[in-house]
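This report concerns only the one structure given below.
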Amino acid sequence: MSALKIKKGSSKHSAYDLRNPNAEIIETHTLAVVVDNEAGVLARVIGLFSGRGYNIESLTVAEVDHTGHRSRITIVTTGTPQVIEQIKAQLGRMVPVHRVQDLTVEGPSVERELALFKVSATGEKRLEALRLADIFRANVVDSTLESFVFSVAGATEKIEAFADLMRPLGLIETARTGVAALTRGPE
Amino acid sequence: MVVQALKDQGVDVVFGYPGGAVLPIYDEIFQDQGIKHILVRHEQGAAHAAEGYARSTGKPGVVLVTSGPGATNAVTGITDALMDSIPMVVLSGQVPTFMIGSDAFQEADTVGITRPCTKHNWLVKDTDALAGTIHEAFHVATSGRPGPVLVDIPKDVQFASGTYVEPREAPQGHYNPRVKGDIEMITEMVAAMETAERPIFYTGGGVINSGNVASQLLREFVEATGFPITSTLMGLGAYPASGKHWLGMLGMHGLYEANMAMHGCDLMINVGARFDDRITGRIADFSPHSAKAHIDIDPSSINKVIHVDYPIIGDVGHVLEDALRIWKARGRKVNKEGLAKWWAQIEEWQAINCLTFKNSDQIIKPQHALQRLEALTKGHDRYICTEVGQHQMWAAQFLGFEDPHRWMTSGGLGTMGYGLPASIGVQVAHPESLVINVAGDASFLMNLQELGTASQYDLPVKQFIMNNERLGMVRQWQELLHGERYSHSWSEALPDFVKLAEAFGGKGIQVSDPADLDDAIMEMIRYDGPVIMDCLVEKHENCFPMIPSGEPHNSMLLGDASTQDAIGTTGAVLV
C-alpha cells in the first residue's frame, strides 16, 4: 500500500508491525512456583505478569515451609504454547524463585479450590438451593431465614457449575480462594 | 561497613551524588581513602558512567545515590543497564526504617520503583544483614546474564553497628545459573555446521559479557571454519572489523551483505544475541530457510521471539569451548564446496557497496566525518561511546572495532544522553586512553551537565558532536513515514557549543568546511582536556541502509535513490 509496504495491522502512526505473528491456540496451564518468602516476592511475580502482558486467571500464595521460609505460588494462566514456555522461563530466572513446575504438563495433578456463596432466597427457591447444595456436597456454614452461605470445595469446573446453578436461585455474593494444586503420586 | 564490603568486592571507583539519606556512607568514604568517588552532576549520569566503566572493563559499575529523587533519577540508567545486560550495583539511601511509609521527606518506594528495571533488588532492614546482602548483590549482578541490582539502605541501618561478614563468609544464595551447555545439543549443532552450505555466525553482546576468552574462541572458530560472521550493535568488537570473514553489523541499519546473508543462510548460529526486533524485521519472514542454533545463558531468551532448532543454554565462552573441541575431534569438517559458492554470493552482495554516500566539498557529510575520525584515530588506544540516533548508526557502520570492550552504546533502551556520562566512566577506567563520544546535538543536550564532572576530574573526554540541528532519526522517520511533517524534530535555540565547552573549563572547536575537518579532529585529539567538537554536518542526510520496520531482511532501502522511487510509486502514507 505504501512505499514501505506497511501492512494491515500496522498503525498509520507507527511503522511497527502490530500483528500477532504467532496467533495460536490459547491453552490454560497451572504453574506451581516455589519462592523464597521474602518481602516483595509476590509483587515481583505479579509485576512480571502485568509488565509482560501475561494473564493471571487465578493466584494463590502461602508460606508452605516455615523453617526454610519458602512460599508456594499457584498460578493459573492462559496463553499460546510459546507464551506459556516464556512465562516459565521468565519465572525461572528470577532470583528468589527456586522451582517452576507446570502441573498441566508434568503428569496428572489434583487441583482444588474453596468457594463461599451467599444465596438469598425464600420458599421453593430456598429449598432448591439446599437440594443442589446437597448434590454438590456443599456445606451450609451460615443460615438466616432468607439466606444461606454455602461452602464448596473442588475443582474449578465444579465450583463454576455450582455458581451457575445458584445464580437464578438468588446468588448475591461469591468469594473464591483460587486454585491450589499438587502432582499426583509419591513424588 | 558499606565501604569495607565494596573494597572486599574489588571496587575501586564509585559514581555517586550525596544527599540526606546517604550521609553516613559518604562520611565513611570521607574517612576511608580506599575508594575513589566520582561526583557526578545528576544521578542519571552516575548510572551511565557506571555503565561505561563496566562495559569497558568487564567489572561491575557501582553507583551511590540518595533516597527519593536520587534513586528515581537513576532509574533510566538502571533500565538501560538491564536492557543491555550490564553488571551494575546501585546503593541507594532510604529514609530510616521507622519512617518508611510515612511519606517522609525524600522518601520513595525505591525497591518498588526499581523492581521491574533491576535483575533483583533488596531493602536492608537489619545492619547485620547489610554486608551479606551487598556481597550477594555483586554475585547476582555479575553471574548468569549480567544486569543491574539495587540495595536500598535506610539511614538508621547505615548508622547502627552490626557484624561484618567477608565475601567468602557471606551466606550463599541459591542463585547460580548454569554455564555449561548441553553436550548432546552442542554436538548436534556441530554436526549441522559440518554440512551447512550457507552458514553464518550471528553474534551479540553476550560474547562480550562472557569475557575475552569467549571473543578469542569465537575468532578461532570463525577462522577455522571459514564461516561468515555478522554482529549486532552490542556485539561489535568481539570479532575484529578487519577480520576477513567480517560482514559488518546487521539489523535495521546494518549492512546489505550482512542482512542478505542472514536472510539467505541455511544455518544460523546465534552466539549471545537475542533476536531483537531491530535485528529480525518481520518475524514471519526472518531467515525463512535456515536451521537456527541459539547459544544464550538466559533460558528466557530461547524461543522468545524466534523458534530455534538447536537451543543451547549456557555461557558463550563455555559453549564455544565445547563446540570447538567437539568440532575438532570430529575431524574439522566443513562443506567446502557449499562455502565457496556462499562466499561468491556474499561477495556479490558486498560489491553493492551499501555504505556509499554522495560526498561534498561544500558541506561535511556525517558519514565522511566518521570516515575521517576512523582514519585519524584508528591507531590509537581508543574507546568509542555514542549517544542515540543517526550518528550512532553511522558510527556503528563507519568505525571499526578490533577488540571487545571498546564500544559503548545504548542498544536496547536507546537512551539519548547516555554517551557523555558513559565516556566519563570509560575515561575514569582508562585514564591514558583516547575516549571519544560520537554524539548528536540533541542527545548531547540531555546530560550536558556532566561536562562539569569531566572538568573536575581532568577527564579528557572528546565530545564529537555531529550537529545537524535536528533530531536526525526522528526527522528521517517523519520524512519516510509521516509525510514529511517534521513535528518538533529540529533543535531551536541550540547553545554555542564552543562557548559551552569553555564555560565548563574545556576546549571548544567548531568546524563546518570539509577542508578543515582533519585539522579539527587532530586538534581535538591532541588537546589534553575535555573537548567539544561541534561538527556542523549536512542537515537532511538520511541513514541507510535501512530495513523499514515490519519488513524482512531482503527488502532494504539502500539510499536516497531507492527511497525516492519508493515514494513515487505510492504516496498514501508518505505524502
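Naming scheme: A, B, ... for chains in displayed order of the C-alpha cells; residues 1 onward per chain; ligands 1 onward as shown.
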Counting only C-alpha atoms, what is within 12 Å of A:Thr78, bar same-chain residues fewer than 3 positions away, as an MDAnalysis selection string? chainID A and resid 24:31 49 53:58 75 81:87 104
Mind writing the picked residues with N, CA and C atoms as a PDB file, in the first residue's frame?
```
ATOM      1  N   GLU A  24      -1.963 -18.538  17.924  1.00  0.00           N
ATOM      2  CA  GLU A  24      -2.181 -19.980  18.011  1.00  0.00           C
ATOM      3  C   GLU A  24      -3.266 -20.242  19.027  1.00  0.00           C
ATOM      4  N   ILE A  25      -3.440 -21.525  19.299  1.00  0.00           N
ATOM      5  CA  ILE A  25      -4.481 -21.899  20.259  1.00  0.00           C
ATOM      6  C   ILE A  25      -4.072 -21.443  21.661  1.00  0.00           C
ATOM      7  N   ILE A  26      -5.047 -20.917  22.388  1.00  0.00           N
ATOM      8  CA  ILE A  26      -4.790 -20.495  23.757  1.00  0.00           C
ATOM      9  C   ILE A  26      -4.969 -21.681  24.696  1.00  0.00           C
ATOM     10  N   GLU A  27      -3.976 -21.947  25.506  1.00  0.00           N
ATOM     11  CA  GLU A  27      -4.046 -23.043  26.466  1.00  0.00           C
ATOM     12  C   GLU A  27      -4.094 -22.494  27.889  1.00  0.00           C
ATOM     13  N   THR A  28      -4.656 -23.300  28.791  1.00  0.00           N
ATOM     14  CA  THR A  28      -4.661 -22.939  30.210  1.00  0.00           C
ATOM     15  C   THR A  28      -3.692 -23.867  30.951  1.00  0.00           C
ATOM     16  N   HIS A  29      -2.787 -23.288  31.699  1.00  0.00           N
ATOM     17  CA  HIS A  29      -1.817 -24.081  32.453  1.00  0.00           C
ATOM     18  C   HIS A  29      -1.817 -23.673  33.920  1.00  0.00           C
ATOM     19  N   THR A  30      -1.567 -24.656  34.777  1.00  0.00           N
ATOM     20  CA  THR A  30      -1.426 -24.383  36.207  1.00  0.00           C
ATOM     21  C   THR A  30       0.052 -24.507  36.574  1.00  0.00           C
ATOM     22  N   LEU A  31       0.613 -23.434  37.094  1.00  0.00           N
ATOM     23  CA  LEU A  31       2.028 -23.411  37.446  1.00  0.00           C
ATOM     24  C   LEU A  31       2.182 -23.348  38.961  1.00  0.00           C
ATOM     25  N   PHE A  49       4.010 -10.635  35.358  1.00  0.00           N
ATOM     26  CA  PHE A  49       2.827 -10.926  34.534  1.00  0.00           C
ATOM     27  C   PHE A  49       2.241  -9.647  33.944  1.00  0.00           C
ATOM     28  N   GLY A  53       2.520  -8.538  29.999  1.00  0.00           N
ATOM     29  CA  GLY A  53       1.228  -8.751  29.359  1.00  0.00           C
ATOM     30  C   GLY A  53       0.725 -10.183  29.408  1.00  0.00           C
ATOM     31  N   TYR A  54       1.102 -10.946  30.434  1.00  0.00           N
ATOM     32  CA  TYR A  54       0.578 -12.297  30.576  1.00  0.00           C
ATOM     33  C   TYR A  54      -0.705 -12.257  31.401  1.00  0.00           C
ATOM     34  N   ASN A  55      -1.478 -13.329  31.276  1.00  0.00           N
ATOM     35  CA  ASN A  55      -2.754 -13.381  32.003  1.00  0.00           C
ATOM     36  C   ASN A  55      -2.600 -14.129  33.316  1.00  0.00           C
ATOM     37  N   ILE A  56      -3.353 -13.696  34.323  1.00  0.00           N
ATOM     38  CA  ILE A  56      -3.499 -14.476  35.551  1.00  0.00           C
ATOM     39  C   ILE A  56      -4.980 -14.779  35.706  1.00  0.00           C
ATOM     40  N   GLU A  57      -5.317 -16.079  35.659  1.00  0.00           N
ATOM     41  CA  GLU A  57      -6.714 -16.474  35.856  1.00  0.00           C
ATOM     42  C   GLU A  57      -6.981 -16.641  37.334  1.00  0.00           C
ATOM     43  N   SER A  58      -5.977 -17.147  38.028  1.00  0.00           N
ATOM     44  CA  SER A  58      -6.142 -17.415  39.453  1.00  0.00           C
ATOM     45  C   SER A  58      -4.767 -17.436  40.084  1.00  0.00           C
ATOM     46  N   ILE A  75      -0.351 -20.513  40.169  1.00  0.00           N
ATOM     47  CA  ILE A  75      -0.893 -19.566  39.196  1.00  0.00           C
ATOM     48  C   ILE A  75      -1.570 -20.341  38.077  1.00  0.00           C
ATOM     49  N   PRO A  81       1.216 -21.805  23.406  1.00  0.00           N
ATOM     50  CA  PRO A  81       2.300 -22.628  23.948  1.00  0.00           C
ATOM     51  C   PRO A  81       3.599 -21.826  24.071  1.00  0.00           C
ATOM     52  N   GLN A  82       3.873 -20.979  23.104  1.00  0.00           N
ATOM     53  CA  GLN A  82       5.104 -20.186  23.161  1.00  0.00           C
ATOM     54  C   GLN A  82       5.090 -19.242  24.364  1.00  0.00           C
ATOM     55  N   VAL A  83       3.938 -18.632  24.602  1.00  0.00           N
ATOM     56  CA  VAL A  83       3.832 -17.701  25.734  1.00  0.00           C
ATOM     57  C   VAL A  83       3.979 -18.448  27.051  1.00  0.00           C
ATOM     58  N   ILE A  84       3.357 -19.625  27.153  1.00  0.00           N
ATOM     59  CA  ILE A  84       3.463 -20.415  28.383  1.00  0.00           C
ATOM     60  C   ILE A  84       4.939 -20.758  28.658  1.00  0.00           C
ATOM     61  N   GLU A  85       5.642 -21.192  27.617  1.00  0.00           N
ATOM     62  CA  GLU A  85       7.061 -21.513  27.780  1.00  0.00           C
ATOM     63  C   GLU A  85       7.837 -20.284  28.247  1.00  0.00           C
ATOM     64  N   GLN A  86       7.502 -19.150  27.664  1.00  0.00           N
ATOM     65  CA  GLN A  86       8.175 -17.901  28.007  1.00  0.00           C
ATOM     66  C   GLN A  86       7.890 -17.521  29.469  1.00  0.00           C
ATOM     67  N   ILE A  87       6.648 -17.707  29.894  1.00  0.00           N
ATOM     68  CA  ILE A  87       6.292 -17.388  31.288  1.00  0.00           C
ATOM     69  C   ILE A  87       7.145 -18.239  32.236  1.00  0.00           C
ATOM     70  N   THR A 104       0.255 -28.802  34.497  1.00  0.00           N
ATOM     71  CA  THR A 104      -0.578 -29.230  33.372  1.00  0.00           C
ATOM     72  C   THR A 104       0.162 -30.214  32.467  1.00  0.00           C
TER      73      THR A 104
END
```
Which residues come within 9 Å of B:Met193, counting only C-alpha atoms, excluding same-chain residues fewer than 5 positions away, as a short mmCIF file (atom, residue, chain, number, x, y, z; two decimals) with all heavy atoms, in the first residue's frame?
```cif
data_model
loop_
_atom_site.label_atom_id
_atom_site.label_comp_id
_atom_site.auth_asym_id
_atom_site.auth_seq_id
_atom_site.Cartn_x
_atom_site.Cartn_y
_atom_site.Cartn_z
N GLU B 188 24.95 -31.80 18.19
CA GLU B 188 24.01 -31.68 17.05
C GLU B 188 24.29 -30.43 16.25
O GLU B 188 24.24 -30.43 15.01
CB GLU B 188 22.57 -31.67 17.56
CG GLU B 188 22.03 -33.04 17.91
CD GLU B 188 20.54 -32.98 18.26
OE1 GLU B 188 19.79 -32.23 17.60
OE2 GLU B 188 20.15 -33.67 19.21
N PRO B 199 26.26 -21.23 5.97
CA PRO B 199 26.21 -20.94 7.40
C PRO B 199 26.55 -19.48 7.69
O PRO B 199 27.18 -18.80 6.86
CB PRO B 199 27.29 -21.85 7.98
CG PRO B 199 28.29 -21.95 6.87
CD PRO B 199 27.54 -21.85 5.57
N THR B 225 36.67 -22.40 10.60
CA THR B 225 35.59 -22.90 9.76
C THR B 225 35.47 -22.11 8.46
O THR B 225 34.96 -22.63 7.47
CB THR B 225 34.23 -22.80 10.48
OG1 THR B 225 34.04 -21.45 10.90
CG2 THR B 225 34.17 -23.73 11.68
N LEU B 267 22.11 -22.17 7.78
CA LEU B 267 22.38 -22.45 9.19
C LEU B 267 22.80 -21.14 9.87
O LEU B 267 23.80 -20.53 9.49
CB LEU B 267 23.49 -23.49 9.36
CG LEU B 267 23.90 -23.75 10.83
CD1 LEU B 267 22.75 -24.38 11.61
CD2 LEU B 267 25.14 -24.61 10.92
N ILE B 269 23.97 -19.44 13.36
CA ILE B 269 24.49 -19.76 14.69
C ILE B 269 24.48 -18.48 15.51
O ILE B 269 25.35 -17.63 15.38
CB ILE B 269 25.90 -20.36 14.61
CG1 ILE B 269 25.90 -21.55 13.65
CG2 ILE B 269 26.39 -20.77 15.99
CD1 ILE B 269 27.24 -21.78 13.00
N TRP B 327 34.08 -30.10 17.47
CA TRP B 327 34.25 -29.95 16.01
C TRP B 327 35.63 -30.44 15.58
O TRP B 327 35.78 -31.11 14.57
CB TRP B 327 34.05 -28.47 15.64
CG TRP B 327 34.21 -28.19 14.18
CD1 TRP B 327 33.33 -28.50 13.18
CD2 TRP B 327 35.33 -27.53 13.55
NE1 TRP B 327 33.83 -28.07 11.98
CE2 TRP B 327 35.04 -27.48 12.16
CE3 TRP B 327 36.52 -26.99 14.03
CZ2 TRP B 327 35.93 -26.91 11.25
CZ3 TRP B 327 37.39 -26.41 13.12
CH2 TRP B 327 37.10 -26.37 11.75
N LYS B 333 35.44 -30.79 10.02
CA LYS B 333 34.78 -30.85 8.71
C LYS B 333 33.94 -29.60 8.43
O LYS B 333 33.26 -29.09 9.32
CB LYS B 333 33.88 -32.08 8.65
CG LYS B 333 34.68 -33.36 8.40
CD LYS B 333 33.78 -34.56 8.32
CE LYS B 333 33.29 -34.95 9.68
NZ LYS B 333 33.07 -36.29 10.05
N VAL B 334 34.01 -29.13 7.19
CA VAL B 334 33.05 -28.13 6.71
C VAL B 334 32.69 -28.51 5.28
O VAL B 334 33.40 -29.28 4.63
CB VAL B 334 33.61 -26.69 6.70
CG1 VAL B 334 33.84 -26.17 8.10
CG2 VAL B 334 34.88 -26.59 5.87
N ASN B 335 31.60 -27.96 4.81
CA ASN B 335 31.16 -28.19 3.44
C ASN B 335 31.88 -27.20 2.53
O ASN B 335 31.39 -26.10 2.27
CB ASN B 335 29.64 -28.01 3.37
CG ASN B 335 29.10 -28.30 1.99
OD1 ASN B 335 29.82 -28.24 1.00
ND2 ASN B 335 27.81 -28.61 1.94
#
```
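Comparing the minimum interatomic distances between B:Leu339 and each of B:Gln371, B:Thr415, B:Ser443, B:Thr195, counting only C-alpha atoms, we find that B:Thr195 sits nearest.
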Within 6 Å of stretch 473-481 of chain B, counting only C-alpha atoms, which residues qualify if same-chain residues fewer than 5 places away don't, as a VMD selection string? chain B and resid 389 to 390 486 489 542 574
Those residues with C-alpha atoms, as a PDB file, in the first residue's frame please?
```pdb
ATOM      1  CA  GLY B 389      20.197   8.268  16.826  1.00  0.00           C
ATOM      2  CA  GLN B 390      21.526   8.551  13.287  1.00  0.00           C
ATOM      3  CA  TYR B 486       8.563  17.447  10.765  1.00  0.00           C
ATOM      4  CA  SER B 489      12.208  17.330  15.323  1.00  0.00           C
ATOM      5  CA  ASN B 542      19.351  10.002   5.981  1.00  0.00           C
ATOM      6  CA  LEU B 574       4.351   9.371   2.570  1.00  0.00           C
TER       7      LEU B 574
END
```
Based on the backbone DSSP call, show me all residues of stretch 30-137 of chain A assigned helix (DSSP H, G or I), as a VMD selection string. chain A and resid 41 to 51 81 to 92 123 to 135
Which residues come within 9 Å of A:Ser151, counting only C-alpha atoms, excluding same-chain residues fewer than 2 positions away, as a PyMOL selection string? chain A and resi 114-117+133+137-141+149+153
For chain A, which residue among B:His368, B:Arg485, B:His263, B:Lys36 is the nearest when counting only C-alpha atoms? B:Arg485
